[in-house]
Structures are given as structure tokens and as C-alpha cells.
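> This is the content of query_27.cif (mmCIF, C-alpha atoms and all ligand atoms):
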```cif
data_upload
loop_
_atom_site.group_PDB
_atom_site.id
_atom_site.type_symbol
_atom_site.label_atom_id
_atom_site.label_comp_id
_atom_site.auth_asym_id
_atom_site.auth_seq_id
_atom_site.Cartn_x
_atom_site.Cartn_y
_atom_site.Cartn_z
ATOM 1 C CA MET Q 2 -10.053 5.466 -32.332
ATOM 2 C CA ALA Q 3 -12.058 5.159 -29.135
ATOM 3 C CA ALA Q 4 -10.427 3.584 -26.084
ATOM 4 C CA THR Q 5 -11.012 0.018 -24.934
ATOM 5 C CA ILE Q 6 -13.113 0.257 -21.776
ATOM 6 C CA LEU Q 7 -11.677 -1.868 -18.959
ATOM 7 C CA ASP Q 8 -14.504 -3.738 -17.254
ATOM 8 C CA GLY Q 9 -13.645 -3.762 -13.551
ATOM 9 C CA LYS Q 10 -16.950 -5.308 -12.616
ATOM 10 C CA ALA Q 11 -16.375 -8.450 -14.660
ATOM 11 C CA MET Q 12 -12.804 -8.774 -13.421
ATOM 12 C CA ALA Q 13 -13.916 -8.299 -9.830
ATOM 13 C CA ALA Q 14 -16.508 -11.063 -10.242
ATOM 14 C CA ARG Q 15 -13.758 -13.439 -11.406
ATOM 15 C CA ILE Q 16 -11.486 -12.532 -8.491
ATOM 16 C CA ARG Q 17 -14.357 -12.900 -6.034
ATOM 17 C CA GLY Q 18 -14.977 -16.360 -7.477
ATOM 18 C CA GLU Q 19 -11.315 -17.266 -6.970
ATOM 19 C CA VAL Q 20 -11.392 -16.043 -3.364
ATOM 20 C CA ALA Q 21 -14.691 -17.848 -2.672
ATOM 21 C CA LYS Q 22 -13.185 -21.128 -3.901
ATOM 22 C CA GLU Q 23 -10.071 -20.677 -1.749
ATOM 23 C CA ALA Q 24 -12.196 -19.677 1.240
ATOM 24 C CA ALA Q 25 -14.284 -22.848 0.872
ATOM 25 C CA GLU Q 26 -11.115 -24.972 0.737
ATOM 26 C CA PHE Q 27 -9.726 -23.184 3.797
ATOM 27 C CA SER Q 28 -12.966 -23.597 5.759
ATOM 28 C CA GLY Q 29 -13.211 -27.263 4.747
ATOM 29 C CA LYS Q 30 -9.688 -27.947 6.000
ATOM 30 C CA THR Q 31 -9.735 -25.895 9.192
ATOM 31 C CA GLY Q 32 -13.403 -25.504 10.179
ATOM 32 C CA VAL Q 33 -12.780 -21.754 10.345
ATOM 33 C CA THR Q 34 -14.972 -19.294 8.440
ATOM 34 C CA PRO Q 35 -13.142 -16.029 7.675
ATOM 35 C CA CYS Q 36 -14.939 -13.111 9.318
ATOM 36 C CA LEU Q 37 -14.741 -9.391 8.599
ATOM 37 C CA ALA Q 38 -15.892 -6.813 11.160
ATOM 38 C CA ALA Q 39 -16.835 -3.483 9.591
ATOM 39 C CA VAL Q 40 -16.964 -0.441 11.859
ATOM 40 C CA LEU Q 41 -19.213 2.395 10.753
ATOM 41 C CA VAL Q 42 -19.364 5.551 12.853
ATOM 42 C CA GLY Q 43 -21.956 8.191 11.987
ATOM 43 C CA GLU Q 44 -24.286 8.445 9.030
ATOM 44 C CA ASN Q 45 -22.225 9.315 5.963
ATOM 45 C CA PRO Q 46 -24.452 8.048 3.097
ATOM 46 C CA ALA Q 47 -21.506 7.071 0.863
ATOM 47 C CA SER Q 48 -19.884 5.109 3.716
ATOM 48 C CA GLU Q 49 -23.174 3.321 4.381
ATOM 49 C CA VAL Q 50 -23.283 2.139 0.752
ATOM 50 C CA TYR Q 51 -19.614 1.079 0.752
ATOM 51 C CA VAL Q 52 -19.958 -0.879 3.981
ATOM 52 C CA ARG Q 53 -23.152 -2.584 2.830
ATOM 53 C CA ASN Q 54 -21.479 -3.621 -0.435
ATOM 54 C CA LYS Q 55 -18.432 -4.930 1.415
ATOM 55 C CA GLN Q 56 -20.598 -7.013 3.743
ATOM 56 C CA LYS Q 57 -22.701 -8.399 0.898
ATOM 57 C CA ALA Q 58 -19.562 -9.388 -1.014
ATOM 58 C CA CYS Q 59 -18.204 -11.189 2.061
ATOM 59 C CA GLU Q 60 -21.335 -13.221 2.454
ATOM 60 C CA LEU Q 61 -21.449 -14.104 -1.259
ATOM 61 C CA ALA Q 62 -17.874 -15.383 -0.948
ATOM 62 C CA GLY Q 63 -18.848 -17.678 1.936
ATOM 63 C CA MET Q 64 -17.319 -15.479 4.623
ATOM 64 C CA LYS Q 65 -18.936 -13.949 7.675
ATOM 65 C CA SER Q 66 -19.380 -10.253 8.205
ATOM 66 C CA VAL Q 67 -20.385 -8.333 11.295
ATOM 67 C CA LEU Q 68 -21.349 -4.694 11.348
ATOM 68 C CA GLU Q 69 -20.442 -2.469 14.288
ATOM 69 C CA ARG Q 70 -22.622 0.578 13.736
ATOM 70 C CA HIS Q 71 -22.244 3.520 16.106
ATOM 71 C CA PRO Q 72 -23.619 7.059 16.368
ATOM 72 C CA ALA Q 73 -21.672 10.100 15.136
ATOM 73 C CA GLU Q 74 -21.232 11.216 18.773
ATOM 74 C CA MET Q 75 -19.114 8.170 19.655
ATOM 75 C CA THR Q 76 -15.973 9.252 21.506
ATOM 76 C CA GLU Q 77 -12.449 8.274 20.542
ATOM 77 C CA THR Q 78 -12.113 6.273 23.776
ATOM 78 C CA GLN Q 79 -15.270 4.323 23.009
ATOM 79 C CA LEU Q 80 -14.006 3.545 19.513
ATOM 80 C CA LEU Q 81 -10.588 2.488 20.841
ATOM 81 C CA ASP Q 82 -12.359 0.197 23.340
ATOM 82 C CA LEU Q 83 -14.362 -1.334 20.511
ATOM 83 C CA ILE Q 84 -11.204 -1.927 18.435
ATOM 84 C CA ASP Q 85 -9.581 -3.544 21.470
ATOM 85 C CA ARG Q 86 -12.544 -5.904 21.825
ATOM 86 C CA LEU Q 87 -12.436 -6.810 18.107
ATOM 87 C CA ASN Q 88 -8.657 -7.311 18.301
ATOM 88 C CA ARG Q 89 -9.188 -9.868 21.078
ATOM 89 C CA ASP Q 90 -12.189 -11.606 19.466
ATOM 90 C CA ARG Q 91 -10.792 -14.821 17.976
ATOM 91 C CA ALA Q 92 -13.827 -15.214 15.690
ATOM 92 C CA VAL Q 93 -13.032 -11.894 13.938
ATOM 93 C CA HIS Q 94 -10.159 -12.056 11.421
ATOM 94 C CA GLY Q 95 -10.398 -8.695 9.661
ATOM 95 C CA ILE Q 96 -11.250 -5.242 11.008
ATOM 96 C CA LEU Q 97 -12.250 -2.437 8.679
ATOM 97 C CA VAL Q 98 -12.862 1.017 10.115
ATOM 98 C CA GLN Q 99 -14.720 2.903 7.418
ATOM 99 C CA LEU Q 100 -13.271 6.362 6.791
ATOM 100 C CA PRO Q 101 -13.869 9.234 7.186
ATOM 101 C CA LEU Q 102 -14.446 9.271 10.952
ATOM 102 C CA PRO Q 103 -16.245 12.093 12.802
ATOM 103 C CA LYS Q 104 -14.094 15.131 13.635
ATOM 104 C CA GLN Q 105 -13.700 14.385 17.362
ATOM 105 C CA ILE Q 106 -11.872 11.139 16.568
ATOM 106 C CA ASP Q 107 -8.185 11.040 15.615
ATOM 107 C CA GLU Q 108 -8.048 8.723 12.608
ATOM 108 C CA THR Q 109 -4.335 8.027 13.002
ATOM 109 C CA ARG Q 110 -4.755 6.801 16.585
ATOM 110 C CA VAL Q 111 -7.628 4.546 15.612
ATOM 111 C CA LEU Q 112 -5.884 2.980 12.610
ATOM 112 C CA GLU Q 113 -2.795 2.403 14.736
ATOM 113 C CA ALA Q 114 -4.903 0.574 17.324
ATOM 114 C CA VAL Q 115 -6.006 -2.158 14.892
ATOM 115 C CA ASN Q 116 -4.063 -5.408 15.320
ATOM 116 C CA PRO Q 117 -1.740 -5.431 12.263
ATOM 117 C CA LEU Q 118 -2.691 -9.085 11.615
ATOM 118 C CA LYS Q 119 -6.353 -8.016 11.272
ATOM 119 C CA ASP Q 120 -5.619 -4.841 9.299
ATOM 120 C CA VAL Q 121 -7.350 -5.780 6.015
ATOM 121 C CA ASP Q 122 -7.154 -2.168 4.740
ATOM 122 C CA ALA Q 123 -3.343 -2.192 5.214
ATOM 123 C CA PHE Q 124 -3.531 1.230 6.868
ATOM 124 C CA HIS Q 125 -1.515 0.358 10.024
ATOM 125 C CA PRO Q 126 1.997 1.881 9.964
ATOM 126 C CA GLU Q 127 3.529 -1.592 10.371
ATOM 127 C CA ASN Q 128 1.762 -2.800 7.230
ATOM 128 C CA VAL Q 129 2.555 0.416 5.331
ATOM 129 C CA GLY Q 130 6.224 -0.039 6.291
ATOM 130 C CA ARG Q 131 6.168 -3.619 5.051
ATOM 131 C CA ILE Q 132 4.705 -2.486 1.717
ATOM 132 C CA VAL Q 133 7.447 0.141 1.333
ATOM 133 C CA GLN Q 134 10.052 -2.552 2.027
ATOM 134 C CA ASN Q 135 8.440 -4.874 -0.564
ATOM 135 C CA ARG Q 136 7.553 -7.579 1.973
ATOM 136 C CA PRO Q 137 3.810 -7.007 2.268
ATOM 137 C CA ARG Q 138 1.456 -8.839 4.598
ATOM 138 C CA PHE Q 139 -1.649 -7.211 3.070
ATOM 139 C CA LEU Q 140 -1.819 -4.950 0.027
ATOM 140 C CA PRO Q 141 -4.137 -1.934 0.282
ATOM 141 C CA CYS Q 142 -7.400 -2.724 -1.517
ATOM 142 C CA THR Q 143 -7.736 0.069 -4.094
ATOM 143 C CA PRO Q 144 -4.066 0.131 -5.165
ATOM 144 C CA HIS Q 145 -4.100 -3.664 -5.391
ATOM 145 C CA GLY Q 146 -7.246 -3.481 -7.539
ATOM 146 C CA VAL Q 147 -5.535 -1.001 -9.877
ATOM 147 C CA GLN Q 148 -2.469 -3.231 -10.130
ATOM 148 C CA GLN Q 149 -4.557 -6.326 -10.854
ATOM 149 C CA LEU Q 150 -6.510 -4.464 -13.529
ATOM 150 C CA LEU Q 151 -3.229 -3.643 -15.291
ATOM 151 C CA VAL Q 152 -1.633 -7.062 -14.812
ATOM 152 C CA ARG Q 153 -4.682 -9.086 -15.845
ATOM 153 C CA HIS Q 154 -5.172 -6.970 -18.982
ATOM 154 C CA ASN Q 155 -1.492 -7.564 -19.867
ATOM 155 C CA ILE Q 156 -0.782 -3.836 -19.849
ATOM 156 C CA PRO Q 157 3.013 -3.538 -19.632
ATOM 157 C CA ILE Q 158 4.049 -1.959 -16.323
ATOM 158 C CA ALA Q 159 7.807 -2.707 -16.310
ATOM 159 C CA GLY Q 160 9.644 0.271 -17.754
ATOM 160 C CA ALA Q 161 6.425 2.213 -18.351
ATOM 161 C CA HIS Q 162 6.088 5.795 -17.191
ATOM 162 C CA VAL Q 163 3.266 5.727 -14.638
ATOM 163 C CA VAL Q 164 1.980 9.119 -13.552
ATOM 164 C CA VAL Q 165 -0.114 9.122 -10.369
ATOM 165 C CA LEU Q 166 -2.295 12.178 -9.817
ATOM 166 C CA GLY Q 167 -3.056 12.393 -6.069
ATOM 167 C CA ARG Q 168 -0.929 11.675 -2.992
ATOM 168 C CA SER Q 169 -3.408 10.269 -0.462
ATOM 169 C CA ASP Q 170 -2.463 7.591 2.063
ATOM 170 C CA ILE Q 171 -5.270 5.381 0.713
ATOM 171 C CA VAL Q 172 -4.493 5.487 -3.018
ATOM 172 C CA GLY Q 173 -1.820 7.815 -4.426
ATOM 173 C CA LYS Q 174 1.105 7.031 -2.124
ATOM 174 C CA PRO Q 175 0.675 3.244 -1.931
ATOM 175 C CA VAL Q 176 -0.085 2.732 -5.636
ATOM 176 C CA ALA Q 177 3.040 4.722 -6.548
ATOM 177 C CA ILE Q 178 5.151 2.588 -4.230
ATOM 178 C CA MET Q 179 3.661 -0.715 -5.396
ATOM 179 C CA LEU Q 180 4.145 -0.007 -9.110
ATOM 180 C CA MET Q 181 7.760 1.066 -8.649
ATOM 181 C CA GLN Q 182 8.754 -2.038 -6.653
ATOM 182 C CA ARG Q 183 11.058 -4.586 -8.194
ATOM 183 C CA GLY Q 184 9.226 -7.598 -9.594
ATOM 184 C CA GLN Q 185 5.953 -8.712 -11.159
ATOM 185 C CA GLY Q 186 3.381 -5.926 -11.391
ATOM 186 C CA GLY Q 187 6.108 -3.364 -10.704
ATOM 187 C CA ASP Q 188 9.298 -1.967 -12.217
ATOM 188 C CA ALA Q 189 7.547 1.163 -13.472
ATOM 189 C CA THR Q 190 9.076 4.626 -13.550
ATOM 190 C CA VAL Q 191 6.671 6.552 -11.326
ATOM 191 C CA THR Q 192 5.939 10.254 -11.100
ATOM 192 C CA VAL Q 193 3.548 11.514 -8.409
ATOM 193 C CA CYS Q 194 1.670 14.767 -9.086
ATOM 194 C CA HIS Q 195 -0.700 16.688 -6.816
ATOM 195 C CA SER Q 196 -2.526 19.963 -6.347
ATOM 196 C CA ARG Q 197 0.743 21.950 -6.075
ATOM 197 C CA THR Q 198 2.463 20.419 -9.114
ATOM 198 C CA LYS Q 199 3.660 22.928 -11.740
ATOM 199 C CA ASN Q 200 3.003 22.311 -15.430
ATOM 200 C CA LEU Q 201 0.597 19.526 -14.526
ATOM 201 C CA PRO Q 202 -0.846 18.923 -18.038
ATOM 202 C CA ASP Q 203 2.692 18.596 -19.458
ATOM 203 C CA ILE Q 204 3.558 15.894 -16.939
ATOM 204 C CA LEU Q 205 0.258 14.031 -17.270
ATOM 205 C CA ARG Q 206 0.768 13.939 -21.056
ATOM 206 C CA GLN Q 207 4.003 11.979 -20.530
ATOM 207 C CA ALA Q 208 2.180 9.069 -18.908
ATOM 208 C CA ASP Q 209 1.981 5.655 -20.512
ATOM 209 C CA ILE Q 210 -0.283 4.773 -17.579
ATOM 210 C CA LEU Q 211 -2.156 7.593 -15.862
ATOM 211 C CA ILE Q 212 -3.717 6.834 -12.462
ATOM 212 C CA VAL Q 213 -6.063 9.542 -11.276
ATOM 213 C CA ALA Q 214 -7.102 9.822 -7.626
ATOM 214 C CA ILE Q 215 -7.480 13.526 -6.986
ATOM 215 C CA GLY Q 216 -11.128 13.631 -5.925
ATOM 216 C CA LYS Q 217 -12.285 16.297 -8.416
ATOM 217 C CA ALA Q 218 -15.063 15.509 -10.862
ATOM 218 C CA ASN Q 219 -13.993 15.406 -14.543
ATOM 219 C CA PHE Q 220 -10.620 17.000 -13.688
ATOM 220 C CA VAL Q 221 -8.537 15.212 -16.347
ATOM 221 C CA THR Q 222 -9.449 16.394 -19.821
ATOM 222 C CA ALA Q 223 -8.515 15.000 -23.242
ATOM 223 C CA ASP Q 224 -5.637 17.458 -23.765
ATOM 224 C CA MET Q 225 -3.870 16.032 -20.656
ATOM 225 C CA VAL Q 226 -3.679 12.485 -22.047
ATOM 226 C CA LYS Q 227 -1.105 11.045 -24.460
ATOM 227 C CA PRO Q 228 -2.825 9.304 -27.385
ATOM 228 C CA GLY Q 229 -2.996 5.575 -26.657
ATOM 229 C CA ALA Q 230 -2.272 5.890 -22.913
ATOM 230 C CA THR Q 231 -3.973 3.692 -20.320
ATOM 231 C CA VAL Q 232 -6.076 5.831 -17.970
ATOM 232 C CA ILE Q 233 -7.238 4.462 -14.617
ATOM 233 C CA ASP Q 234 -9.884 6.598 -12.918
ATOM 234 C CA VAL Q 235 -10.061 6.019 -9.152
ATOM 235 C CA GLY Q 236 -12.405 8.973 -8.506
ATOM 236 C CA ILE Q 237 -15.972 8.646 -7.280
ATOM 237 C CA ASN Q 238 -17.747 12.013 -7.224
ATOM 238 C CA ARG Q 239 -21.419 12.561 -6.612
ATOM 239 C CA THR Q 240 -22.714 15.283 -8.945
ATOM 240 C CA GLU Q 241 -26.145 16.463 -10.063
ATOM 241 C CA THR Q 242 -25.806 14.189 -13.085
ATOM 242 C CA GLY Q 243 -24.933 11.154 -10.928
ATOM 243 C CA LEU Q 244 -21.658 9.375 -10.120
ATOM 244 C CA VAL Q 245 -18.675 10.539 -12.151
ATOM 245 C CA GLY Q 246 -14.947 9.926 -11.965
ATOM 246 C CA ASP Q 247 -11.982 12.306 -11.865
ATOM 247 C CA VAL Q 248 -11.589 11.862 -15.632
ATOM 248 C CA ASP Q 249 -13.781 13.487 -18.281
ATOM 249 C CA PHE Q 250 -14.809 10.076 -19.619
ATOM 250 C CA ASP Q 251 -16.544 11.068 -22.875
ATOM 251 C CA ALA Q 252 -13.679 13.262 -24.075
ATOM 252 C CA VAL Q 253 -10.788 11.120 -22.806
ATOM 253 C CA LYS Q 254 -12.140 7.936 -24.364
ATOM 254 C CA GLU Q 255 -11.437 9.472 -27.794
ATOM 255 C CA VAL Q 256 -7.725 9.849 -26.941
ATOM 256 C CA ALA Q 257 -6.784 7.068 -24.483
ATOM 257 C CA GLY Q 258 -5.945 3.517 -25.533
ATOM 258 C CA MET Q 259 -7.643 2.025 -22.480
ATOM 259 C CA LEU Q 260 -9.877 3.641 -19.894
ATOM 260 C CA THR Q 261 -11.780 2.563 -16.782
ATOM 261 C CA PRO Q 262 -15.406 3.643 -16.353
ATOM 262 C CA VAL Q 263 -17.006 5.090 -13.205
ATOM 263 C CA PRO Q 264 -18.919 3.269 -11.870
ATOM 264 C CA GLY Q 265 -17.833 -0.251 -12.836
ATOM 265 C CA GLY Q 266 -14.076 0.300 -12.994
ATOM 266 C CA VAL Q 267 -11.800 0.333 -9.963
ATOM 267 C CA GLY Q 268 -14.597 0.358 -7.335
ATOM 268 C CA PRO Q 269 -15.645 -3.300 -7.636
ATOM 269 C CA LEU Q 270 -11.993 -4.386 -7.575
ATOM 270 C CA THR Q 271 -11.455 -2.622 -4.249
ATOM 271 C CA ILE Q 272 -14.088 -4.880 -2.721
ATOM 272 C CA ALA Q 273 -12.655 -8.015 -4.339
ATOM 273 C CA MET Q 274 -9.250 -7.222 -2.840
ATOM 274 C CA LEU Q 275 -10.794 -6.698 0.589
ATOM 275 C CA LEU Q 276 -12.138 -10.261 0.400
ATOM 276 C CA ARG Q 277 -8.669 -11.489 -0.572
ATOM 277 C CA ASN Q 278 -7.217 -9.728 2.504
ATOM 278 C CA THR Q 279 -9.909 -11.116 4.792
ATOM 279 C CA LEU Q 280 -9.032 -14.650 3.707
ATOM 280 C CA THR Q 281 -5.304 -13.896 4.150
ATOM 281 C CA ALA Q 282 -6.027 -12.556 7.653
ATOM 282 C CA ALA Q 283 -7.950 -15.727 8.572
ATOM 283 C CA LYS Q 284 -5.051 -17.862 7.336
ATOM 284 C CA LEU Q 285 -2.516 -15.802 9.330
ATOM 285 C CA GLN Q 286 -4.545 -16.276 12.503
ATOM 286 C CA THR Q 287 -5.235 -19.989 12.081
ATOM 287 C CA ASN Q 288 -2.722 -22.611 13.115
ATOM 288 C CA GLY Q 289 -1.892 -25.452 10.777
HETATM 289 N N1 LIG Q 301 -12.956 5.291 2.807
HETATM 290 C C1 LIG Q 301 -12.677 5.486 1.490
HETATM 291 N N2 LIG Q 301 -11.965 4.460 1.011
HETATM 292 C C2 LIG Q 301 -11.784 3.598 2.027
HETATM 293 C C3 LIG Q 301 -11.133 2.333 2.133
HETATM 294 O O1 LIG Q 301 -10.544 1.798 1.194
HETATM 295 N N3 LIG Q 301 -11.190 1.758 3.353
HETATM 296 C C4 LIG Q 301 -11.807 2.335 4.398
HETATM 297 N N4 LIG Q 301 -11.789 1.694 5.552
HETATM 298 N N5 LIG Q 301 -12.416 3.494 4.337
HETATM 299 C C5 LIG Q 301 -12.400 4.117 3.147
#
```
Starting from the file, lay out its structure as C-alpha cells.


Amino acid sequence: MAATILDGKAMAARIRGEVAKEAAEFSGKTGVTPCLAAVLVGENPASEVYVRNKQKACELAGMKSVLERHPAEMTETQLLDLIDRLNRDRAVHGILVQLPLPKQIDETRVLEAVNPLKDVDAFHPENVGRIVQNRPRFLPCTPHGVQQLLVRHNIPIAGAHVVVLGRSDIVGKPVAIMLMQRGQGGDATVTVCHSRTKNLPDILRQADILIVAIGKANFVTADMVKPGATVIDVGINRTETGLVGDVDFDAVKEVAGMLTPVPGGVGPLTIAMLLRNTLTAAKLQTNG
């Protein structure tokens, strides 16, 4: 039987509606409009699209967005100065530095320079530490989108064997930590696999929930999936045939119980969760 396709776009629209309503209530009470500053350095076409979509979503949710666009030759010092200015700007509540950054800039230094209260990506070590300790201020957008997709579709997480393929700071590591935490949306038994894992197909086949964020087009094939498993595809790969995920969608949909499409799966949820974090940031920085 073919898998149920999990519609991330529709779910994201609902979450965006919820955030828009809360943002309107917050603005009505406080007179403050949440504002996201997006920093784009260089001319990476994918980053341009992501940033534009993030800004559009902010505006549709009744929030402000400002774009700081800078040439690829920007120096690290110039970028750190810009972050310092945005940190001090009381009208800016969230700061998003779109990755990747040009080679001359040390990403770690830049992410560490963002005020943790404005860190809507949850990339600052203070916020990562809080997530590990299960007392989050912000949840990272893509992992939070994955978790919401599971929770809102009533897919059992507690006690399930979740296998995460990929160990990035943006997706693999945080999603593994979040799903193994005690409490709602957690309590999973988590295995993390990566490019050096031995017997990879054997381990992937043990997953009740398989989360794939390895950045390789069509990497997960039908023989790597347990019949009936839930498969979440976080990959976005540009190929000659267009955008594809890390999962061989056509083959895996014949085996999986549930499957996310690319595009229209996790991607839209990432943006919805960014809006949620921007509103949280505005609340944290507003008295009363
Ligand atoms: N580049 C790829 N994914 C992300 C993300 O979630 N946030 C930022 N800032 N950059 C990214």
C-alpha cells in the first residue's frame, strides 16, 4: 500500500495562522511589532530564495522584516560590526544570519556574536546548551518543524526507534536531542547515523521513524526502509530534474507508512517555526 503523504505546506499555513493571531494580540497589547533582521552575505541563489521566503512569511504574519544584504567580499570584522549594531537596535527582535557564509568569515565566531535573546535560529552555544538541558529558549527551526509534523499527525514518538541520518549542527544533532528528551514530543530511542556508519541499511531498516538529513539526492532507497515506517525527508537537492530530497520518493512511498514530499514537506515548516521564534524573541525583549 502506498504511503500517506504528509502535507507540510498545509500544516505550515495553519501554524503561520496561529502565530499571526498571537502576534496581533501581542502588538495590540504592547504596541510592539515583532521584527526579524535577515543577514545575507554574497549571492548564493538558494540563500536568496530562502531569505526572500522568510521575509515574505514575516510580513504575511503581521511582523516586520529587514534585509541586510552585503557583498561576498564583506570582511568578518564588518559582519561582526553589523551584528553588534543589530544586537543594540531595540526595534530588531530576531537576527538570522543566512548560512553558508563566504570562506573568509568564521561562521562560529559570527553565530556566537548574536545576542542569545535575538538568536531565532537557536545556533548560539548558549541556546544549544539550553536545548541539550531540556530548558529551551528557542527551538531550532527545522528540527522543531520535524517534531511538529510528527506530533500534529499523532505519530507516536515515545518509545519509538527514531533513526536520524546526518549529524549536522542545524538538523541531525538537534533533532536527535529533541526527540530523546523526556516529555511531550520526546521519549524516543534515538540512533544517529552518518557517512562513516557501518551496516547503514541494516540500521535504517530498524527505524519506526526515519529522519533523513544527509544532503545527498535520492540517497535512501526502498530497501533501507521498514514497511510502514514514517520517513521524514529534510533534504533539498537541486538536480537536473528539479528539486529532490534525500529520499528516493517514488520507490520509498511504496514501502513507508508515511512520507514527506520535497518540496512541500519540512521546508515550509522551517519557516513557520522561524516566525514562532521571532514572536518569542519579541516577547522576551518586551517588558510587561
Ligand atoms: N542555511 C540552511 N539552513 C539554514 C537555517 O535554518 N538557518 C540559517 N540561518 N541558514 C541556513

> Which residues, written as a list in words, have at least one atom at most 10 Å from segment 170-172 of chain Q, with all atoms listed in the file counted and residues fewer than 2 positions away on the same chain left out?

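Those residues are Asp122, Ala123, Phe124, Val129, Pro141, Cys142, Thr143, Pro144, His145, Val147, Val165, Leu166, Gly167, Arg168, Lys174, Pro175, Val176, Ala177, Ile212, Val213, Ala214, Ile215 and Val235 of chain Q.
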
> How about saving the chosen residues, C-alpha atoms kept, as a PDB file, keeping the file's coordinate frame?


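again-v5.pdb, written as the output of this step:
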```
ATOM      1  CA  ASP Q 122      -7.154  -2.168   4.740  1.00  0.00           C
ATOM      2  CA  ALA Q 123      -3.343  -2.192   5.214  1.00  0.00           C
ATOM      3  CA  PHE Q 124      -3.531   1.230   6.868  1.00  0.00           C
ATOM      4  CA  VAL Q 129       2.555   0.416   5.331  1.00  0.00           C
ATOM      5  CA  PRO Q 141      -4.137  -1.934   0.282  1.00  0.00           C
ATOM      6  CA  CYS Q 142      -7.400  -2.724  -1.517  1.00  0.00           C
ATOM      7  CA  THR Q 143      -7.736   0.069  -4.094  1.00  0.00           C
ATOM      8  CA  PRO Q 144      -4.066   0.131  -5.165  1.00  0.00           C
ATOM      9  CA  HIS Q 145      -4.100  -3.664  -5.391  1.00  0.00           C
ATOM     10  CA  VAL Q 147      -5.535  -1.001  -9.877  1.00  0.00           C
ATOM     11  CA  VAL Q 165      -0.114   9.122 -10.369  1.00  0.00           C
ATOM     12  CA  LEU Q 166      -2.295  12.178  -9.817  1.00  0.00           C
ATOM     13  CA  GLY Q 167      -3.056  12.393  -6.069  1.00  0.00           C
ATOM     14  CA  ARG Q 168      -0.929  11.675  -2.992  1.00  0.00           C
ATOM     15  CA  LYS Q 174       1.105   7.031  -2.124  1.00  0.00           C
ATOM     16  CA  PRO Q 175       0.675   3.244  -1.931  1.00  0.00           C
ATOM     17  CA  VAL Q 176      -0.085   2.732  -5.636  1.00  0.00           C
ATOM     18  CA  ALA Q 177       3.040   4.722  -6.548  1.00  0.00           C
ATOM     19  CA  ILE Q 212      -3.717   6.834 -12.462  1.00  0.00           C
ATOM     20  CA  VAL Q 213      -6.063   9.542 -11.276  1.00  0.00           C
ATOM     21  CA  ALA Q 214      -7.102   9.822  -7.626  1.00  0.00           C
ATOM     22  CA  ILE Q 215      -7.480  13.526  -6.986  1.00  0.00           C
ATOM     23  CA  VAL Q 235     -10.061   6.019  -9.152  1.00  0.00           C
TER      24      VAL Q 235
END
```

> Step by step, work through what the PyMOL selection byres (((chain Q and resi 41) around 8) and not hetatm) selects in the shown file, and finish by giving those residues as a ChimeraX atom specification.

/Q:39-40,42-43,48-49,52,68-71,98-99

> Report, in Å to a single decimal, how far apart atom CA of Pro117 of chain Q and atom CA of Pro72 of chain Q are.

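Atom-to-atom, atom CA of Pro72 of chain Q to atom CA of Pro117 of chain Q, that is 25.5 Å.
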
> Restricting the calculation to only C-alpha atoms: of Q:Ala223, Q:Ile178, Q:Leu112, Q:Leu61, which residue gets closest to Leu80 of chain Q?

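Residue with the minimum atom-to-atom distance to Leu80 of chain Q: Q:Leu112.
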
> Using all atoms listed in the file, collect all residues at a distance of at most 12 Å from (-1.5, 0.1, 19.4) as written in the file, then present them as JSON, numbers by chain.

{"Q": [81, 82, 84, 85, 88, 109, 110, 111, 112, 113, 114, 115, 116, 117, 120, 125, 126, 127]}

> Need the shell around Gly9 of chain Q: protein/DNA/RNA residues with any atom at most 6 Å away, counting all atoms listed in the file. Skip same-chain ones fewer than 4 positions apart. Format as a list in words?

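My reading of the contact set: Ala13, Gly265, Gly266 and Val267 of chain Q.
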
> Could you expand the PyMOL selection byres (((chain Q and resi 225) around 10) and not hetatm) into the explicit residues it covers here, written as a list in words?

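Applying the PyMOL selection byres (((chain Q and resi 225) around 10) and not hetatm) to the structure shown produces Leu201, Pro202, Asp203, Ile204, Leu205, Arg206, Gln207, Ala208, Leu211, Phe220, Val221, Thr222, Ala223, Asp224, Val226, Lys227, Pro228, Val253 and Val256 of chain Q.
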
> Between atom CA of Ile106 of chain Q and atom CA of Leu87 of chain Q, what is the spacing in Å?

18.0 Å

> Might you pull out every residue within 10 Å of Pro103 of chain Q, with all atoms listed in the file counted and same-chain residues fewer than 5 positions away left off, and present them as a list in words?

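The residues that qualify are Val42, Gly43, Glu44, Asn45, Pro72, Ala73, Glu74, Met75, Thr76, Glu77 and Glu108 of chain Q.
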
> In Å, rounded to a single decimal, give me how far atom CA of Leu150 of chain Q is from atom CA of Gly187 of chain Q.

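It comes out at 13.0 Å.
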
> Using all atoms listed in the file, which of Q:Val121, Q:Leu276, Q:Met259, Q:Thr198 sits nearest ligand LIG 301 (chain Q)?

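The closest residue to ligand LIG 301 (chain Q) is Q:Val121.
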
> Of the residues Q:His94, Q:Asn135, Q:Gln148, Q:Gly216, which is the one nearest to ligand LIG 301 (chain Q), using all atoms listed in the file?

Q:Gly216

> So, with all atoms listed in the file as the atoms that count, which of Q:Arg15, Q:Lys217, Q:Arg153, Q:Lys55 lies closest to ligand LIG 301 (chain Q)?

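Residue with the minimum atom-to-atom distance to ligand LIG 301 (chain Q): Q:Lys55.
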
> Could you tell me, as a PDB file with C-alpha atoms, in the frame of the given file, exactly which residues end up selected when the PyMOL selection byres (((chain Q and resi 238) around 8) and not hetatm) is applied to this structure?


```pdb
ATOM      1  CA  GLY Q 216     -11.128  13.631  -5.925  1.00  0.00           C
ATOM      2  CA  LYS Q 217     -12.285  16.297  -8.416  1.00  0.00           C
ATOM      3  CA  ALA Q 218     -15.063  15.509 -10.862  1.00  0.00           C
ATOM      4  CA  GLY Q 236     -12.405   8.973  -8.506  1.00  0.00           C
ATOM      5  CA  ILE Q 237     -15.972   8.646  -7.280  1.00  0.00           C
ATOM      6  CA  ARG Q 239     -21.419  12.561  -6.612  1.00  0.00           C
ATOM      7  CA  THR Q 240     -22.714  15.283  -8.945  1.00  0.00           C
ATOM      8  CA  LEU Q 244     -21.658   9.375 -10.120  1.00  0.00           C
ATOM      9  CA  VAL Q 245     -18.675  10.539 -12.151  1.00  0.00           C
ATOM     10  CA  GLY Q 246     -14.947   9.926 -11.965  1.00  0.00           C
ATOM     11  CA  ASP Q 247     -11.982  12.306 -11.865  1.00  0.00           C
TER      12      ASP Q 247
END
```

> Given the choices Q:Ile6, Q:Ala252, Q:Val191, Q:Ala38, which gets closest to ligand LIG 301 (chain Q) if the distance is worked out from all atoms listed in the file?

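Comparing Q:Ile6, Q:Ala252, Q:Val191, Q:Ala38 against ligand LIG 301 (chain Q), the winner is Q:Ala38.
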
> Considering all atoms listed in the file, can you say which of Q:Ser169, Q:Ser196, Q:Thr34, Q:Gln185 comes closest to ligand LIG 301 (chain Q)?

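Answer, going by the shortest atom-to-atom distance: Q:Ser169.
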